[in-house]
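Just below is one structure, and these are the notes that go with it.
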Amino acid sequence: MNPFCIGVVDDDTDFLKGIIRHLEKQFHTYDILGFSSGEAALAAFQEKEIGVLLSDLRMPGMSGHELLTRVLAQNPYVCVIMITGFATVENAVQSLKTGAWDFITKPVERQALFHTVERAVQHYALARENQRLKSLVSGLNTTDQKWESRAMSQVQEKISAMAVTDYTVLVTGESGSGKEFVAREIHRLSRRSASECHALNCPAIPEPLLESELFGHVKGAFTGAERNRDGFFMAADKGTLILDEIGDISLPIQAKLLKFLQDREVKPVGSSRSRTADVRIIALTNQDLPTRIQNKIFREDLYYRLNVLSIHVPPLRERQEDIPRLVRCFMIQTCREMNMDPMEIEPAAMAWLSSQPWPGNIRELLNMVRRLVVFSNGGPIDSALIRLMGGHGDPAADMVSSDEPVPYKIAKKQALDIFSRTYLTRLFEHTRGNISETARISGLERASIQKIIRRLDMDISRFRS
């Protein structure tokens with residue numbers, strides 16, 4: 001069954017049963033819940049996740065309008081579809097203004113019902129996924145926790161410094177390295193955080209539509225433009241607009257973007273009038289823009305407009321000491337998503353994960369952790385499970401089998417360093433950075449632990465806070 005339910009509220013028992021019967025046939029993978037009063041439906045929200053709710057407008061006791069208001073107070077993302085036999089414009093407008101997602105009338109036409117509910121289900125599922133991703137981002141908050149690597153500590157410092165300005169930022173880095181996360185952190189810490197932060201993946205929009213997506217259009221501007229529509233620039237007014245893969249946009253769009261950065265004016269497609277938009281632009285790219293400039297496929301003047309401030313996100317292979325923290329965070333997040341108890345990971349398994357190059361960076365690591373959690377059966381993640389997933393589960397073996405094998409002494413030292421960092425990190429988390437207690441548990445001398453800390457350049461102050 002799907003993770004959320006569809007609810008129907010109507011005081012007419014026969015009508016209620018009929019609607020439920022239709023929905024159960026069409027949406028058979030969802031639980032369909034029926035309620036004869038608004039009070040009963042509201043109580044169910046305490047026990048069930050109801051993503052789509054169809055409610056009669058006029059009911060004895062709690063009206064549909066009151067139910068709508070109270071439901072949205074509990075879950076602002078739920079899609080409420082109002083049903084009424086009193087199809088007046090005033091009722092429809094009032095419901096939509098109160099927050100209703102859509103409005104249908106009695107007698108209900110079956111295909112119209114299915115179409116409306118299907119769109120609502122998709123909308124709620126998307127909103128639910130967005131909340132999950134925001135939760136993931138909050139769990140990786142660079143400003144609330146310290147990174148192990150010096151490279152990410154420098155990124156963190158740059159994020160904090162750039163957040164207090166309104167200048168345009170260019171974020172570079174390999175695919176999957178966390179560029180959008182960095183951009184959203186800059187927005188979150190800025191004075192614009194109370195306003196919207198929108199992100200647009202530029203190559204994902206067909207070239208003929210990208211101008212309209214950015215600048216908006218007026219009714220009749222092109223075939224299919226049936227009404228005026230604001231673009232992303234106006235939607236992000238007073239906030240931040242993240243333009244992903246900026247290096248892949250065409251030269252004509254580059255020219256229009258350059259004009260916006262110069263004048264801060266938005267002219268919708270088909271309009272002769274411009275509007276002012278106060279938007280901070282953060283551009284992301286995995287392309288080598290100077291090379292694209294030399295090849296005449298990216299404008300040099302636009303590059304300098306975008307590159308007022310710049311920040312490079314290092315690939316995961318250059319900050320492998322951050323991997324244990326990311327793995328633990330991804331494990332916690334995945335266990336939450338699957339309604340599982342938190343699980344452990346054995347040091348050897350963590351050492352293998354920390355030794356890998358991860359060409360897909362954080363995105364690839366996240367996928368690997370998800371697979372490990374799914375196939376773990378709730379037990380600790382160990383080397384055997386990693387071998388089952390296609391890995392050696394042994395950092396030294398991986399070094400030997402790589403394209404450029406290293407001498408035994410170097411491979412041994414690298415594997416030992418990875419193990420030592422992972423082992424001490426877990427102990428310091430347990431002892432809150434108490435070296436004496438760590439020495440007692442590990443059986444090592446206090447001086448030996450301090451020597452390892454200096455050799456690995458570990459910052460244990462973060463465990464004490």
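The chains in the structure tokens are called A, B, ... from first to last as shown; in each chain the residues are counted from 1, and the ligands are counted from 1 in the order shown.
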* Near-range 4-9 of chain A list (8 Å; only C-alpha atoms; drop same-chain fewer than 5 positions) as an NGL selection string -> :A and (16 or 19-20 or 30-38 or 41 or 48-56)
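Those residues that approach Asn75 in chain A to within 12 Å, counting only C-alpha atoms, are Leu42, Phe45, Gln46, Lys48, Glu49, Ile50, Gly51, Val52, Leu53, Leu68, Thr69, Arg70, Val71, Leu72, Val78, Cys79, Val80, Gly99, Tyr124, Ala127, Arg128 and Gln131 of chain A; same-chain residues fewer than 3 positions away are not listed.
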* Asked: Residues at most 8 Å from range 278-293 of chain A, counting only C-alpha atoms, excluding those fewer than 3 positions away in the same chain, as a ChimeraX atom specification?
  -> /A:166-175,179-180,183,233,236-247,264,296-300,303,306
Store the residues of this selection in a file with N, CA, C and O atoms, as a short mmCIF file (atom, residue, chain, number, x, y, z; two decimals), in the first residue's frame.
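Now in out04.cif:
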data_model
loop_
_atom_site.label_atom_id
_atom_site.label_comp_id
_atom_site.auth_asym_id
_atom_site.auth_seq_id
_atom_site.Cartn_x
_atom_site.Cartn_y
_atom_site.Cartn_z
N ASP A 166 24.77 40.30 -1.04
CA ASP A 166 23.73 40.06 -2.05
C ASP A 166 24.34 39.82 -3.42
O ASP A 166 23.64 39.82 -4.43
N TYR A 167 25.66 39.61 -3.47
CA TYR A 167 26.34 39.45 -4.75
C TYR A 167 26.00 38.11 -5.40
O TYR A 167 25.68 37.12 -4.72
N THR A 168 26.12 38.09 -6.73
CA THR A 168 25.93 36.86 -7.48
C THR A 168 27.06 35.88 -7.16
O THR A 168 28.21 36.29 -6.99
N VAL A 169 26.71 34.58 -7.07
CA VAL A 169 27.68 33.56 -6.70
C VAL A 169 27.73 32.49 -7.80
O VAL A 169 26.69 32.08 -8.32
N LEU A 170 28.94 32.06 -8.14
CA LEU A 170 29.12 30.95 -9.07
C LEU A 170 29.68 29.77 -8.28
O LEU A 170 30.75 29.86 -7.68
N VAL A 171 28.93 28.68 -8.25
CA VAL A 171 29.34 27.47 -7.53
C VAL A 171 29.75 26.41 -8.55
O VAL A 171 28.96 26.04 -9.42
N THR A 172 30.98 25.95 -8.45
CA THR A 172 31.50 24.96 -9.38
C THR A 172 31.79 23.65 -8.66
O THR A 172 31.98 23.62 -7.44
N GLY A 173 31.85 22.58 -9.41
CA GLY A 173 32.14 21.27 -8.83
C GLY A 173 31.58 20.17 -9.69
O GLY A 173 30.73 20.39 -10.56
N GLU A 174 32.05 18.96 -9.46
CA GLU A 174 31.60 17.81 -10.23
C GLU A 174 30.13 17.50 -9.94
O GLU A 174 29.57 17.92 -8.92
N SER A 175 29.53 16.75 -10.84
CA SER A 175 28.15 16.34 -10.67
C SER A 175 28.02 15.50 -9.40
O SER A 175 28.80 14.59 -9.16
N LYS A 179 26.59 20.89 -4.98
CA LYS A 179 26.56 22.31 -5.34
C LYS A 179 25.24 22.96 -4.94
O LYS A 179 25.22 24.08 -4.41
N GLU A 180 24.11 22.27 -5.20
CA GLU A 180 22.82 22.88 -4.84
C GLU A 180 22.68 23.00 -3.33
O GLU A 180 22.09 23.96 -2.83
N ALA A 183 24.40 26.12 -2.38
CA ALA A 183 23.61 27.28 -2.78
C ALA A 183 22.45 27.52 -1.81
O ALA A 183 22.18 28.66 -1.42
N PHE A 233 12.01 34.38 -12.33
CA PHE A 233 12.56 35.62 -11.78
C PHE A 233 11.55 36.33 -10.88
O PHE A 233 11.89 36.76 -9.77
N ALA A 236 10.83 34.42 -7.62
CA ALA A 236 11.90 34.51 -6.63
C ALA A 236 12.15 35.95 -6.18
O ALA A 236 13.17 36.23 -5.53
N ASP A 237 11.25 36.86 -6.50
CA ASP A 237 11.42 38.27 -6.11
C ASP A 237 11.63 38.37 -4.59
O ASP A 237 10.90 37.75 -3.82
N LYS A 238 12.63 39.14 -4.19
CA LYS A 238 13.04 39.31 -2.79
C LYS A 238 13.76 38.07 -2.24
O LYS A 238 14.15 38.05 -1.08
N GLY A 239 13.90 37.03 -3.07
CA GLY A 239 14.54 35.80 -2.62
C GLY A 239 15.74 35.44 -3.48
O GLY A 239 16.48 36.31 -3.94
N THR A 240 15.92 34.15 -3.70
CA THR A 240 17.10 33.63 -4.40
C THR A 240 16.66 32.70 -5.52
O THR A 240 15.73 31.92 -5.35
N LEU A 241 17.35 32.78 -6.66
CA LEU A 241 17.11 31.87 -7.77
C LEU A 241 18.39 31.11 -8.06
O LEU A 241 19.44 31.71 -8.33
N ILE A 242 18.33 29.78 -7.96
CA ILE A 242 19.46 28.91 -8.25
C ILE A 242 19.33 28.41 -9.69
O ILE A 242 18.35 27.77 -10.03
N LEU A 243 20.31 28.73 -10.51
CA LEU A 243 20.31 28.30 -11.91
C LEU A 243 21.32 27.18 -12.07
O LEU A 243 22.54 27.41 -12.08
N ASP A 244 20.82 25.95 -12.16
CA ASP A 244 21.70 24.78 -12.22
C ASP A 244 22.15 24.52 -13.65
O ASP A 244 21.39 24.72 -14.59
N GLU A 245 23.39 24.04 -13.79
CA GLU A 245 24.00 23.74 -15.09
C GLU A 245 23.94 24.95 -16.01
O GLU A 245 23.52 24.87 -17.17
N ILE A 246 24.39 26.08 -15.49
CA ILE A 246 24.34 27.34 -16.24
C ILE A 246 25.21 27.28 -17.50
O ILE A 246 24.95 27.99 -18.48
N GLY A 247 26.21 26.41 -17.50
CA GLY A 247 27.11 26.33 -18.65
C GLY A 247 26.47 25.72 -19.88
O GLY A 247 27.05 25.78 -20.97
N ARG A 264 18.26 44.33 -13.90
CA ARG A 264 17.32 43.78 -12.93
C ARG A 264 15.88 43.97 -13.37
O ARG A 264 14.97 44.16 -12.56
N LYS A 296 33.88 29.77 -27.73
CA LYS A 296 32.81 30.66 -28.20
C LYS A 296 31.41 30.10 -27.95
O LYS A 296 30.47 30.37 -28.71
N ILE A 297 31.25 29.30 -26.89
CA ILE A 297 29.92 28.78 -26.58
C ILE A 297 29.42 29.29 -25.22
O ILE A 297 28.35 28.88 -24.77
N PHE A 298 30.21 30.16 -24.59
CA PHE A 298 29.75 30.84 -23.38
C PHE A 298 30.29 32.27 -23.40
O PHE A 298 31.46 32.50 -23.71
N ARG A 299 29.41 33.21 -23.05
CA ARG A 299 29.77 34.63 -23.13
C ARG A 299 30.72 35.01 -21.99
O ARG A 299 30.47 34.71 -20.82
N GLU A 300 31.79 35.69 -22.36
CA GLU A 300 32.76 36.12 -21.35
C GLU A 300 32.17 37.17 -20.42
O GLU A 300 32.40 37.15 -19.22
N TYR A 303 30.04 35.53 -17.89
CA TYR A 303 30.87 34.82 -16.90
C TYR A 303 31.31 35.76 -15.78
O TYR A 303 31.23 35.41 -14.59
N LEU A 306 28.44 36.61 -13.48
CA LEU A 306 28.08 35.53 -12.58
C LEU A 306 29.15 35.28 -11.53
O LEU A 306 28.86 34.90 -10.39
#
* Contacts of Leu214 in chain A at 7 Å or less, counting only C-alpha atoms, minus same-chain residues fewer than 3 places along, as a list of chain:residue names? ->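 That gives A:Leu210, A:Glu211, A:Gly231, A:Phe232, A:Phe233.
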* Quick one: everything within 9 Å of Ile460 in chain A, counting only C-alpha atoms, minus sequence neighbours fewer than 4 positions away in the same chain. Send it as number ranges by chain. => A: 425, 428, 432-434, 453, 464
Find the nearest atom pair between each residue of range 413-436 of chain A and range 325-344 of chain A for residues within 12 Å, count only C-alpha atoms, give distances in Å to one decimal, sort rows by chain and ascending number, and present the table as CSV.
residue,atom,partner,partner_atom,distance
A:Arg421,CA,A:Arg325,CA,11.3
A:Thr422,CA,A:Arg325,CA,9.4
A:Thr425,CA,A:Arg325,CA,9.1
A:Arg426,CA,A:Arg325,CA,9.9
A:Glu429,CA,A:Arg325,CA,11.0
* Asked: What residues in range 195-367 of chain A get the DSSP label alpha helix (DSSP H)? Please answer as an MDAnalysis selection string.
  -> chainID A and resid 207:215 232:235 251:263 289:294 300:306 323:337 347:355 361:367
* Asked: Which is closer to Ser383 in chain A than all the others in A:Leu366, A:Ile345, A:Leu57, A:Ile83, using only C-alpha atoms?
  ->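 Comparing A:Leu366, A:Ile345, A:Leu57, A:Ile83 against Ser383 in chain A, the winner is A:Ile345.
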* Run DSSP on the backbone and grab whatever in range 126-340 of chain A lands in strand (DSSP E or B); send it over as number ranges by chain. => A: 169-172, 197-201, 217, 229, 240-244, 265-266, 269, 275-276, 280-285, 309-312
* Neighbour list for Trp358 in chain A as a VMD selection string, cut-off 8 Å, only C-alpha atoms, skip fewer than 3 positions in-chain -> chain A and resid 316 to 317 361 to 362 364 to 365
* Within 12 Å of Ser442 in chain A using only C-alpha atoms, minus same-chain residues under 6 positions, as a list in words -> Ser420, Tyr423, Leu424, Arg426, Leu427, Phe428, His430, Thr431, Ile435, Ser436, Ser448 and Ile449 of chain A
Writing out the chosen residues with all heavy atoms as a tab-separated table (two decimals), in the first residue's frame:
chain	number	residue	atom	x	y	z
A	420	SER	N	41.85	3.90	11.60
A	420	SER	CA	42.08	4.66	12.84
A	420	SER	C	41.14	5.85	12.94
A	420	SER	O	40.57	6.12	14.01
A	420	SER	CB	43.54	5.15	12.89
A	420	SER	OG	44.44	4.06	12.89
A	423	TYR	N	37.57	4.50	13.61
A	423	TYR	CA	37.47	3.92	14.96
A	423	TYR	C	37.45	5.02	16.02
A	423	TYR	O	36.60	5.03	16.92
A	423	TYR	CB	38.64	2.97	15.19
A	423	TYR	CG	38.66	2.35	16.57
A	423	TYR	CD1	37.80	1.29	16.89
A	423	TYR	CD2	39.53	2.82	17.55
A	423	TYR	CE1	37.81	0.72	18.15
A	423	TYR	CE2	39.55	2.26	18.82
A	423	TYR	CZ	38.68	1.21	19.12
A	423	TYR	OH	38.68	0.66	20.37
A	424	LEU	N	38.37	5.96	15.93
A	424	LEU	CA	38.44	7.02	16.94
A	424	LEU	C	37.25	7.96	16.85
A	424	LEU	O	36.78	8.46	17.89
A	424	LEU	CB	39.75	7.80	16.80
A	424	LEU	CG	41.02	7.07	17.25
A	424	LEU	CD1	42.23	7.97	17.11
A	424	LEU	CD2	40.89	6.60	18.70
A	426	ARG	N	34.20	7.18	16.12
A	426	ARG	CA	33.08	6.54	16.82
A	426	ARG	C	33.29	6.59	18.33
A	426	ARG	O	32.35	6.85	19.10
A	426	ARG	CB	32.95	5.09	16.37
A	426	ARG	CG	32.48	4.95	14.92
A	426	ARG	CD	32.29	3.50	14.55
A	426	ARG	NE	31.22	2.88	15.32
A	426	ARG	CZ	30.93	1.58	15.28
A	426	ARG	NH1	31.66	0.78	14.55
A	426	ARG	NH2	29.94	1.09	15.98
A	427	LEU	N	34.54	6.36	18.78
A	427	LEU	CA	34.80	6.41	20.23
A	427	LEU	C	34.63	7.83	20.78
A	427	LEU	O	34.07	8.02	21.86
A	427	LEU	CB	36.22	5.91	20.52
A	427	LEU	CG	36.39	4.39	20.69
A	427	LEU	CD1	37.79	4.07	21.16
A	427	LEU	CD2	35.38	3.82	21.67
A	428	PHE	N	35.13	8.82	20.04
A	428	PHE	CA	35.00	10.20	20.51
A	428	PHE	C	33.54	10.64	20.56
A	428	PHE	O	33.15	11.42	21.42
A	428	PHE	CB	35.81	11.15	19.61
A	428	PHE	CG	37.30	11.10	19.87
A	428	PHE	CD1	38.19	11.11	18.82
A	428	PHE	CD2	37.79	11.02	21.16
A	428	PHE	CE1	39.56	11.06	19.05
A	428	PHE	CE2	39.15	10.98	21.41
A	428	PHE	CZ	40.04	10.99	20.34
A	430	HIS	N	31.18	8.67	21.33
A	430	HIS	CA	30.66	7.99	22.54
A	430	HIS	C	31.14	8.68	23.81
A	430	HIS	O	30.38	8.83	24.78
A	430	HIS	CB	31.11	6.53	22.53
A	430	HIS	CG	30.69	5.76	23.76
A	430	HIS	ND1	29.39	5.37	23.98
A	430	HIS	CD2	31.42	5.34	24.84
A	430	HIS	CE1	29.32	4.73	25.14
A	430	HIS	NE2	30.53	4.70	25.67
A	431	THR	N	32.41	9.11	23.82
A	431	THR	CA	33.00	9.71	25.04
A	431	THR	C	32.93	11.23	25.05
A	431	THR	O	33.43	11.85	25.98
A	431	THR	CB	34.47	9.28	25.17
A	431	THR	OG1	35.23	9.83	24.08
A	431	THR	CG2	34.60	7.77	25.17
A	435	ILE	N	39.60	12.15	26.04
A	435	ILE	CA	40.72	11.32	25.62
A	435	ILE	C	41.01	10.22	26.63
A	435	ILE	O	41.31	9.08	26.26
A	435	ILE	CB	41.97	12.20	25.39
A	435	ILE	CG1	41.72	13.17	24.21
A	435	ILE	CG2	43.19	11.33	25.09
A	435	ILE	CD1	42.88	14.08	23.92
A	436	SER	N	40.92	10.54	27.92
A	436	SER	CA	41.20	9.52	28.95
A	436	SER	C	40.21	8.37	28.86
A	436	SER	O	40.59	7.19	28.94
A	436	SER	CB	41.14	10.16	30.34
A	436	SER	OG	42.12	11.16	30.47
A	448	SER	N	49.46	7.68	22.98
A	448	SER	CA	49.33	7.08	21.64
A	448	SER	C	48.13	7.68	20.91
A	448	SER	O	48.20	7.96	19.70
A	448	SER	CB	49.17	5.57	21.76
A	448	SER	OG	50.30	4.98	22.36
A	449	ILE	N	47.03	7.88	21.64
A	449	ILE	CA	45.84	8.47	21.02
A	449	ILE	C	46.13	9.90	20.58
A	449	ILE	O	45.75	10.32	19.48
A	449	ILE	CB	44.65	8.42	21.99
A	449	ILE	CG1	44.22	6.96	22.19
A	449	ILE	CG2	43.49	9.25	21.46
A	449	ILE	CD1	43.08	6.78	23.14
